[in-house]
2 protein chains.
Amino acid sequence: MDPVQVIAEPRRREILRLIWDAERQAGDIADHFEVTFGAISQHLGVLRRAGLVLVRRDGTRRYYRANRPALAPFEAMLEQMWAGQLDRLAELAELAEAGDRTSAAARTEPAKALGRTALEDLP
Amino acid sequence: MDPVQVIAEPRRREILRLIWDAERQAGDIADHFEVTFGAISQHLGVLRRAGLVLVRRDGTRRYYRANRPALAPFEAMLEQMWAGQLDRLAELAELAEAGDRTSAAARTEPAKALGRTALEDLP
DNA sequence: TCCAAACTTGAGCCGACACTAAAGTAGGCT
DNA sequence: AGCCTACTTTAGTGTCGGCTCAAGTTTGGA
């Protein structure tokens, strides 16, 4: 499966966050969610097949952790998301879309409205 | 819509690549694909509402370009994908999954097998 | 050997979403 | 005004993927 599609799933991103700098056993991970153990196990399977997590077996338990090197290209993205920055961008974009005709400047000089600066100084 | 989900769609990523460092009109973009103009227009709408592209109107034409600042967190990822690196990682991961029991080392020291180095020296 | 714990896997269901086809909108031209 | 071009939007359809529930697998211990 396409690595990006794998990471696009919110639950899987949350899993990655849980095992980002500490390994956890599957059951432990599942406890953090309100879905079935089976569902989480399936997510872990997807992450595993994509090479984004690593497993260590100890008896019947399986300890998962994020495969940081493999995730390197996504690291910037993940950290921004976990910092809650990107959601705000989406909100901004929808506002800009809504007040479409009212602000001609947003169309001719929009980099200023939606660019890097927008992430810092928000209402 | 979640920015990551927006980018996860392969066609939309291809669109982003087309308008990465040059603006293009919608019809021009649509010509690069084998789907309907309507379909591409919908993709552009999604990208627009997510704030990932910018539009400039000129008469009946609409010129799209990538909103580079907004895409900054994804830039590393996109470039890796466009360089075709990430697909190979996925292949590798599946191999590792398949030859599961044959290589105990891959489980105990897998960062070396699937990490940064794996992207360079491949069979 | 039998059982329980910790996971994985399979079948089936349901909602989300990308596509087509067709209708709608808006600017420029004669 | 009327039409054409360039695009967007809507309605309807098929597919894909995430979920539940249930069955299967593997390991450790009584």
# chains A, B, ... in the order shown; residues from 1 in each chain; ligands from 1
call {"tool": "residues_around", "arguments": {"residues": "Ala26 in chain A", "least_positions_apart": "4", "cutoff": "12 Å", "atoms": "only C-alpha atoms (C1' of nucleotides)", "output": "ChimeraX atom specification"}}
result
/A:15,18-19,30-33,36-45,53-58,60-65 /C:6-8
call {"tool": "write_last_selection", "arguments": {"atoms": "C-alpha atoms (C1' of nucleotides)", "output": "short mmCIF file (atom, residue, chain, number, x, y, z; two decimals), in the first residue's frame"}}
result
data_model
loop_
_atom_site.label_atom_id
_atom_site.label_comp_id
_atom_site.auth_asym_id
_atom_site.auth_seq_id
_atom_site.Cartn_x
_atom_site.Cartn_y
_atom_site.Cartn_z
CA ILE A 15 -0.72 4.90 16.70
CA LEU A 18 2.06 6.43 20.68
CA ILE A 19 5.05 4.39 19.59
CA ALA A 30 -5.39 -0.90 21.50
CA ASP A 31 -6.35 0.31 24.97
CA HIS A 32 -5.88 3.88 23.80
CA PHE A 33 -8.71 3.57 21.30
CA THR A 36 -11.81 -3.36 18.70
CA PHE A 37 -8.48 -4.99 19.30
CA GLY A 38 -8.96 -6.55 15.90
CA ALA A 39 -9.31 -3.18 14.23
CA ILE A 40 -6.07 -1.94 15.79
CA SER A 41 -4.32 -5.15 14.88
CA GLN A 42 -5.34 -4.57 11.28
CA HIS A 43 -3.93 -1.05 11.40
CA LEU A 44 -0.71 -2.41 12.82
CA GLY A 45 -0.61 -4.92 10.01
CA VAL A 53 6.79 0.16 12.25
CA LEU A 54 9.05 -2.46 13.74
CA VAL A 55 8.04 -5.40 15.89
CA ARG A 56 9.84 -7.28 18.61
CA ARG A 57 8.33 -10.49 19.90
CA ASP A 58 8.57 -11.54 23.50
CA THR A 60 2.98 -14.00 23.14
CA ARG A 61 3.44 -10.27 23.20
CA ARG A 62 4.50 -8.06 20.32
CA TYR A 63 6.20 -4.81 20.99
CA TYR A 64 5.77 -2.18 18.32
CA ARG A 65 7.75 0.95 17.71
"C1'" DA C 6 -2.11 -12.13 23.25
"C1'" DC C 7 -2.49 -11.40 18.71
"C1'" DT C 8 -3.71 -12.04 13.70
#
call {"tool": "residues_around", "arguments": {"residues": "DC3 in chain D", "least_positions_apart": "2", "cutoff": "12 Å", "atoms": "only C-alpha atoms (C1' of nucleotides)", "output": "JSON, numbers by chain"}}
result
{"C": [28, 29, 30], "D": [1, 5]}
call {"tool": "interface_residues", "arguments": {"of": "chain C", "to": "chain B", "cutoff": "9 Å", "atoms": "only C-alpha atoms (C1' of nucleotides)", "output": "PyMOL selection string"}}
result
chain C and resi 18-20+26-28
call {"tool": "write_last_selection", "arguments": {"atoms": "C-alpha atoms (C1' of nucleotides)", "output": "compact mmCIF listing (two decimals), in the first residue's frame"}}
result
# COMPACT_ATOMS: atom_id res chain seq x y z
C1' DA C 18 -13.43 9.27 -7.09
C1' DC C 19 -15.51 8.91 -11.37
C1' DT C 20 -19.07 9.85 -15.40
C1' DA C 26 -19.67 33.39 -15.99
C1' DG C 27 -16.75 36.07 -19.12
C1' DG C 28 -15.64 37.53 -23.91
call {"tool": "atom_distance", "arguments": {"atom1": "C1' of DC14 in chain C", "atom2": "C1' of DC19 in chain D"}}
result
8.7 Å
call {"tool": "atom_distance", "arguments": {"atom1": "CA of Pro69 in chain B", "atom2": "CA of Ala72 in chain A"}}
result
20.0 Å
call {"tool": "closest_atom_pairs", "arguments": {"of": "chain D", "to": "chain B", "cutoff": "10 Å", "atoms": "only C-alpha atoms (C1' of nucleotides)", "output": "CSV"}}
result
residue,atom,partner,partner_atom,distance
D:DT5,C1',B:Thr60,CA,7.6
D:DA6,C1',B:Thr60,CA,5.4
D:DC7,C1',B:Thr60,CA,7.4
D:DT8,C1',B:Ser41,CA,7.0
D:DT9,C1',B:Gln42,CA,8.7
call {"tool": "write_last_selection", "arguments": {"atoms": "C-alpha atoms (C1' of nucleotides)", "output": "CSV table (one decimal), in the first residue's frame"}}
result
chain,number,residue,atom,x,y,z
D,5,DT,C1',-15.4,28.8,-24.3
D,6,DA,C1',-13.6,27.6,-19.9
D,7,DC,C1',-14.8,25.9,-15.9
D,8,DT,C1',-17.7,24.4,-11.6
D,9,DT,C1',-21.2,21.8,-9.6
call {"tool": "decode", "arguments": {"residues": "range 28-91 of chain B", "atoms": "C-alpha atoms", "output": "mmCIF file, in the first residue's frame"}}
result
data_model
loop_
_atom_site.group_PDB
_atom_site.id
_atom_site.type_symbol
_atom_site.label_atom_id
_atom_site.label_comp_id
_atom_site.auth_asym_id
_atom_site.auth_seq_id
_atom_site.Cartn_x
_atom_site.Cartn_y
_atom_site.Cartn_z
ATOM 1 C CA ASP B 28 -4.184 22.414 -19.378
ATOM 2 C CA ILE B 29 -3.947 20.370 -16.212
ATOM 3 C CA ALA B 30 -6.885 18.206 -17.202
ATOM 4 C CA ASP B 31 -5.198 17.397 -20.521
ATOM 5 C CA HIS B 32 -2.506 15.525 -18.638
ATOM 6 C CA PHE B 33 -4.966 12.964 -17.366
ATOM 7 C CA GLU B 34 -7.283 10.417 -18.863
ATOM 8 C CA VAL B 35 -10.247 11.300 -16.731
ATOM 9 C CA THR B 36 -12.948 13.874 -17.271
ATOM 10 C CA PHE B 37 -12.417 17.585 -16.995
ATOM 11 C CA GLY B 38 -15.076 17.470 -14.301
ATOM 12 C CA ALA B 39 -13.096 14.981 -12.273
ATOM 13 C CA ILE B 40 -9.989 17.159 -12.382
ATOM 14 C CA SER B 41 -12.030 20.198 -11.509
ATOM 15 C CA GLN B 42 -13.276 18.378 -8.440
ATOM 16 C CA HIS B 43 -9.724 17.554 -7.430
ATOM 17 C CA LEU B 44 -8.771 21.176 -7.886
ATOM 18 C CA GLY B 45 -11.704 22.144 -5.709
ATOM 19 C CA VAL B 46 -10.480 19.865 -2.951
ATOM 20 C CA LEU B 47 -6.965 21.256 -3.196
ATOM 21 C CA ARG B 48 -8.366 24.775 -3.186
ATOM 22 C CA ARG B 49 -10.537 24.274 -0.128
ATOM 23 C CA ALA B 50 -7.555 22.736 1.667
ATOM 24 C CA GLY B 51 -5.530 25.838 0.883
ATOM 25 C CA LEU B 52 -2.891 23.862 -0.957
ATOM 26 C CA VAL B 53 -3.238 25.624 -4.301
ATOM 27 C CA LEU B 54 -3.784 29.206 -5.363
ATOM 28 C CA VAL B 55 -5.902 30.466 -8.220
ATOM 29 C CA ARG B 56 -5.611 33.475 -10.442
ATOM 30 C CA ARG B 57 -8.499 34.333 -12.717
ATOM 31 C CA ASP B 58 -8.019 35.788 -16.148
ATOM 32 C CA GLY B 59 -11.217 36.039 -18.108
ATOM 33 C CA THR B 60 -12.776 32.619 -18.247
ATOM 34 C CA ARG B 61 -9.514 30.913 -17.446
ATOM 35 C CA ARG B 62 -8.244 29.958 -14.022
ATOM 36 C CA TYR B 63 -4.570 29.617 -13.442
ATOM 37 C CA TYR B 64 -3.584 27.273 -10.657
ATOM 38 C CA ARG B 65 -0.294 26.985 -8.854
ATOM 39 C CA ALA B 66 0.923 25.148 -5.777
ATOM 40 C CA ASN B 67 0.826 27.057 -2.529
ATOM 41 C CA ARG B 68 4.418 26.281 -1.672
ATOM 42 C CA PRO B 69 4.460 27.870 1.803
ATOM 43 C CA ALA B 70 1.366 25.957 2.816
ATOM 44 C CA LEU B 71 2.900 22.771 1.447
ATOM 45 C CA ALA B 72 6.174 23.259 3.282
ATOM 46 C CA PRO B 73 5.544 20.505 5.854
ATOM 47 C CA PHE B 74 4.914 18.054 3.019
ATOM 48 C CA GLU B 75 7.747 19.116 0.785
ATOM 49 C CA ALA B 76 10.222 16.488 1.956
ATOM 50 C CA MET B 77 7.603 13.810 1.475
ATOM 51 C CA LEU B 78 6.518 14.956 -1.957
ATOM 52 C CA GLU B 79 10.053 15.175 -3.263
ATOM 53 C CA GLN B 80 10.860 11.699 -2.040
ATOM 54 C CA MET B 81 7.764 10.371 -3.744
ATOM 55 C CA TRP B 82 8.472 12.148 -6.975
ATOM 56 C CA ALA B 83 11.965 10.750 -6.876
ATOM 57 C CA GLY B 84 10.369 7.309 -6.689
ATOM 58 C CA GLN B 85 12.146 6.401 -3.497
ATOM 59 C CA LEU B 86 9.234 5.505 -1.293
ATOM 60 C CA ASP B 87 7.830 2.817 -3.537
ATOM 61 C CA ARG B 88 11.003 0.834 -3.114
ATOM 62 C CA LEU B 89 10.721 1.060 0.638
ATOM 63 C CA ALA B 90 7.312 -0.546 0.410
ATOM 64 C CA GLU B 91 8.693 -3.388 -1.693
#
